[in-house]
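Following: one structure in structure tokens, then a few remarks.
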Amino acid sequence: PTGGARNGGNSVAGTRGVVSVGGTGEGMDPVRLVGNCVSGKMGRAWAEGAAARGAEVTLVTTVPADLEGVHEIAVTSAREMLAALQSALPQADILVMAAAVADYAPETAAPSKLHRGKGPLSLTLPPNVDVLQQLAPRDGLFRVGFAAETEELTSRAREKLERKGLDMIVANQVGSPEQGLGSDYNAVTILFAKGAPIEVPRASQGEVAARIRHAMAAARHPAS
Ligand code: CTP
């Protein structure tokens, strides 16, 4: 019984969405990060499109962009992202976890700048927090994950959907320059906890975001 029900079920109007985007950077010392470089285009396209259609959108981002009508919270590390999402989520109907969280992170950042030596620098990077897994499912919250894969797209995405208890996962094939990471174009397969997958062929990031919004609306309100 959220905004979707009030507006006939085919739109995000009246819903409250929380979206994470960008790659997290994990501190090595006061001036260095290890992490993922991503453009955040897909998540931003979703946030912009949803806000333009009357959703209340909070963007938790490592790549601030000052999008119209979107409340932005800037973060750097996975831990900061988790804290920001935890504070925004109690009021939310939808979580779109489009961020590329660094899978490994230095345990602690050195308190002062590491200086260059003659030998190689060795870093030990324990596994980082799994942000999505920490944001537990609850009634009324539709949780969407993303999976960028170079091979076995559908089976790997299905495994993540189940392991993380998601309602939906958006899987995209990466490794080709024509689409996905950093590109203005994308092609995705959308998988659901319940229901048949949807193939979205190559289209602009904005069009793919629209297809994702429609798929979410249909999955949240299957009767309409
Ligand atoms: N994710 C997360 N925290 C992590 C890793 C991933 O919240 N430390 C989220 C991503 O934002 C994405 C989903 O989980 O929505 C799947 O991310 P992915 O990196 O593909 O999966 P992993 O759990 O890292 O599994 P693998 O390393 O096998 O790819």
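Scheme for the structure tokens: letters A, B, ... for chains in order shown; per-chain residue numbers from 1; ligand numbers from 1 in order shown.
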What are the closest atom pairs, with distances in Å to one decimal, for each residue of chain A lying within 8 Å of ligand 1, using only C-alpha atoms and all ligand atoms, rows by chain and rising residue number, as JSON lines?
{"residue": "A:Ser20", "atom": "CA", "partner": "ligand 1", "partner_atom_place_in_ligand_line": "11 (O)", "distance": 7.6}
{"residue": "A:Ala78", "atom": "CA", "partner": "ligand 1", "partner_atom_place_in_ligand_line": "8 (N)", "distance": 7.3}
{"residue": "A:Val96", "atom": "CA", "partner": "ligand 1", "partner_atom_place_in_ligand_line": "15 (O)", "distance": 7.6}
{"residue": "A:Met97", "atom": "CA", "partner": "ligand 1", "partner_atom_place_in_ligand_line": "15 (O)", "distance": 4.5}
{"residue": "A:Ala98", "atom": "CA", "partner": "ligand 1", "partner_atom_place_in_ligand_line": "11 (O)", "distance": 5.1}
{"residue": "A:Ala99", "atom": "CA", "partner": "ligand 1", "partner_atom_place_in_ligand_line": "11 (O)", "distance": 4.5}
{"residue": "A:Ala100", "atom": "CA", "partner": "ligand 1", "partner_atom_place_in_ligand_line": "11 (O)", "distance": 5.2}
{"residue": "A:Val101", "atom": "CA", "partner": "ligand 1", "partner_atom_place_in_ligand_line": "4 (C)", "distance": 4.8}
{"residue": "A:Ala102", "atom": "CA", "partner": "ligand 1", "partner_atom_place_in_ligand_line": "8 (N)", "distance": 5.9}
{"residue": "A:Asp103", "atom": "CA", "partner": "ligand 1", "partner_atom_place_in_ligand_line": "8 (N)", "distance": 4.8}
{"residue": "A:Tyr104", "atom": "CA", "partner": "ligand 1", "partner_atom_place_in_ligand_line": "8 (N)", "distance": 7.7}
{"residue": "A:Pro127", "atom": "CA", "partner": "ligand 1", "partner_atom_place_in_ligand_line": "8 (N)", "distance": 7.8}
{"residue": "A:Asn128", "atom": "CA", "partner": "ligand 1", "partner_atom_place_in_ligand_line": "8 (N)", "distance": 5.6}
{"residue": "A:Val129", "atom": "CA", "partner": "ligand 1", "partner_atom_place_in_ligand_line": "8 (N)", "distance": 5.1}
{"residue": "A:Asp130", "atom": "CA", "partner": "ligand 1", "partner_atom_place_in_ligand_line": "3 (N)", "distance": 3.5}
{"residue": "A:Val131", "atom": "CA", "partner": "ligand 1", "partner_atom_place_in_ligand_line": "7 (O)", "distance": 3.6}
{"residue": "A:Leu132", "atom": "CA", "partner": "ligand 1", "partner_atom_place_in_ligand_line": "7 (O)", "distance": 3.6}
{"residue": "A:Gln133", "atom": "CA", "partner": "ligand 1", "partner_atom_place_in_ligand_line": "7 (O)", "distance": 6.4}
{"residue": "A:Gln134", "atom": "CA", "partner": "ligand 1", "partner_atom_place_in_ligand_line": "7 (O)", "distance": 7.9}
{"residue": "A:Val144", "atom": "CA", "partner": "ligand 1", "partner_atom_place_in_ligand_line": "15 (O)", "distance": 6.9}
{"residue": "A:Gly145", "atom": "CA", "partner": "ligand 1", "partner_atom_place_in_ligand_line": "15 (O)", "distance": 3.5}
{"residue": "A:Phe146", "atom": "CA", "partner": "ligand 1", "partner_atom_place_in_ligand_line": "15 (O)", "distance": 3.9}
{"residue": "A:Ala147", "atom": "CA", "partner": "ligand 1", "partner_atom_place_in_ligand_line": "20 (O)", "distance": 4.0}
{"residue": "A:Ala148", "atom": "CA", "partner": "ligand 1", "partner_atom_place_in_ligand_line": "20 (O)", "distance": 5.5}
{"residue": "A:Glu149", "atom": "CA", "partner": "ligand 1", "partner_atom_place_in_ligand_line": "20 (O)", "distance": 7.0}
{"residue": "A:Arg156", "atom": "CA", "partner": "ligand 1", "partner_atom_place_in_ligand_line": "28 (O)", "distance": 7.7}
{"residue": "A:Ala157", "atom": "CA", "partner": "ligand 1", "partner_atom_place_in_ligand_line": "20 (O)", "distance": 7.5}
{"residue": "A:Lys160", "atom": "CA", "partner": "ligand 1", "partner_atom_place_in_ligand_line": "16 (C)", "distance": 6.3}
{"residue": "A:Lys164", "atom": "CA", "partner": "ligand 1", "partner_atom_place_in_ligand_line": "14 (O)", "distance": 7.5}
{"residue": "A:Ile169", "atom": "CA", "partner": "ligand 1", "partner_atom_place_in_ligand_line": "15 (O)", "distance": 7.5}
Using the chain letters and numbers from this document, which residues of stretch 35-87 of chain A does DSSP assign to alpha helix (DSSP H), as a list in words?
Lys41, Met42, Gly43, Arg44, Ala45, Trp46, Ala47, Glu48, Gly49, Ala50, Ala51, Ala52, Ala78, Arg79, Glu80, Met81, Leu82, Ala83, Ala84, Leu85, Gln86 and Ser87 of chain A
From a DSSP pass on the backbone, collect the residues of stretch 24-192 of chain A flagged as strand (DSSP E or B) and hand them back as JSON, numbers by chain.
{"A": [25, 26, 27, 28, 29, 32, 33, 34, 35, 56, 57, 58, 59, 60, 61, 70, 71, 72, 73, 74, 94, 95, 96, 97, 100, 104, 127, 142, 143, 144, 145, 146, 147, 148, 149, 168, 169, 170, 171, 172, 173, 185, 186, 187, 188, 189, 190, 191, 192]}
Using only C-alpha atoms, which residues sit within 8 Å of stretch 85-95 of chain A once same-chain residues fewer than 4 positions away are excluded, as a PyMOL selection string?
chain A and resi 2+15-20+58+60+81+135+140-144
Could you build a table of the residues in stretch 138-216 of chain A lying no more than 6 Å from stretch 38-49 of chain A, giving for each the nearest pair of atoms and their separation in Å rounded to one decimal place, using only C-alpha atoms, ordered by chain and ascending residue number, as a tab-separated table?
residue	atom	partner	partner_atom	distance
A:Gly182	CA	A:Ser39	CA	5.3
A:Gln205	CA	A:Met42	CA	5.9
A:Gly206	CA	A:Ala45	CA	5.4
A:Ala209	CA	A:Trp46	CA	5.0
Can you tell me which residues surround A:Pro30 at a distance of at most 7 Å, considering only C-alpha atoms, apart from same-chain residues fewer than 4 positions away, and format the answer as number ranges by chain?
A: 111-113
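Here the question is which of A:Ala187, A:Leu82, A:Met168, A:Pro106 gets nearest to A:Pro201 using only C-alpha atoms, and that residue is A:Ala187.
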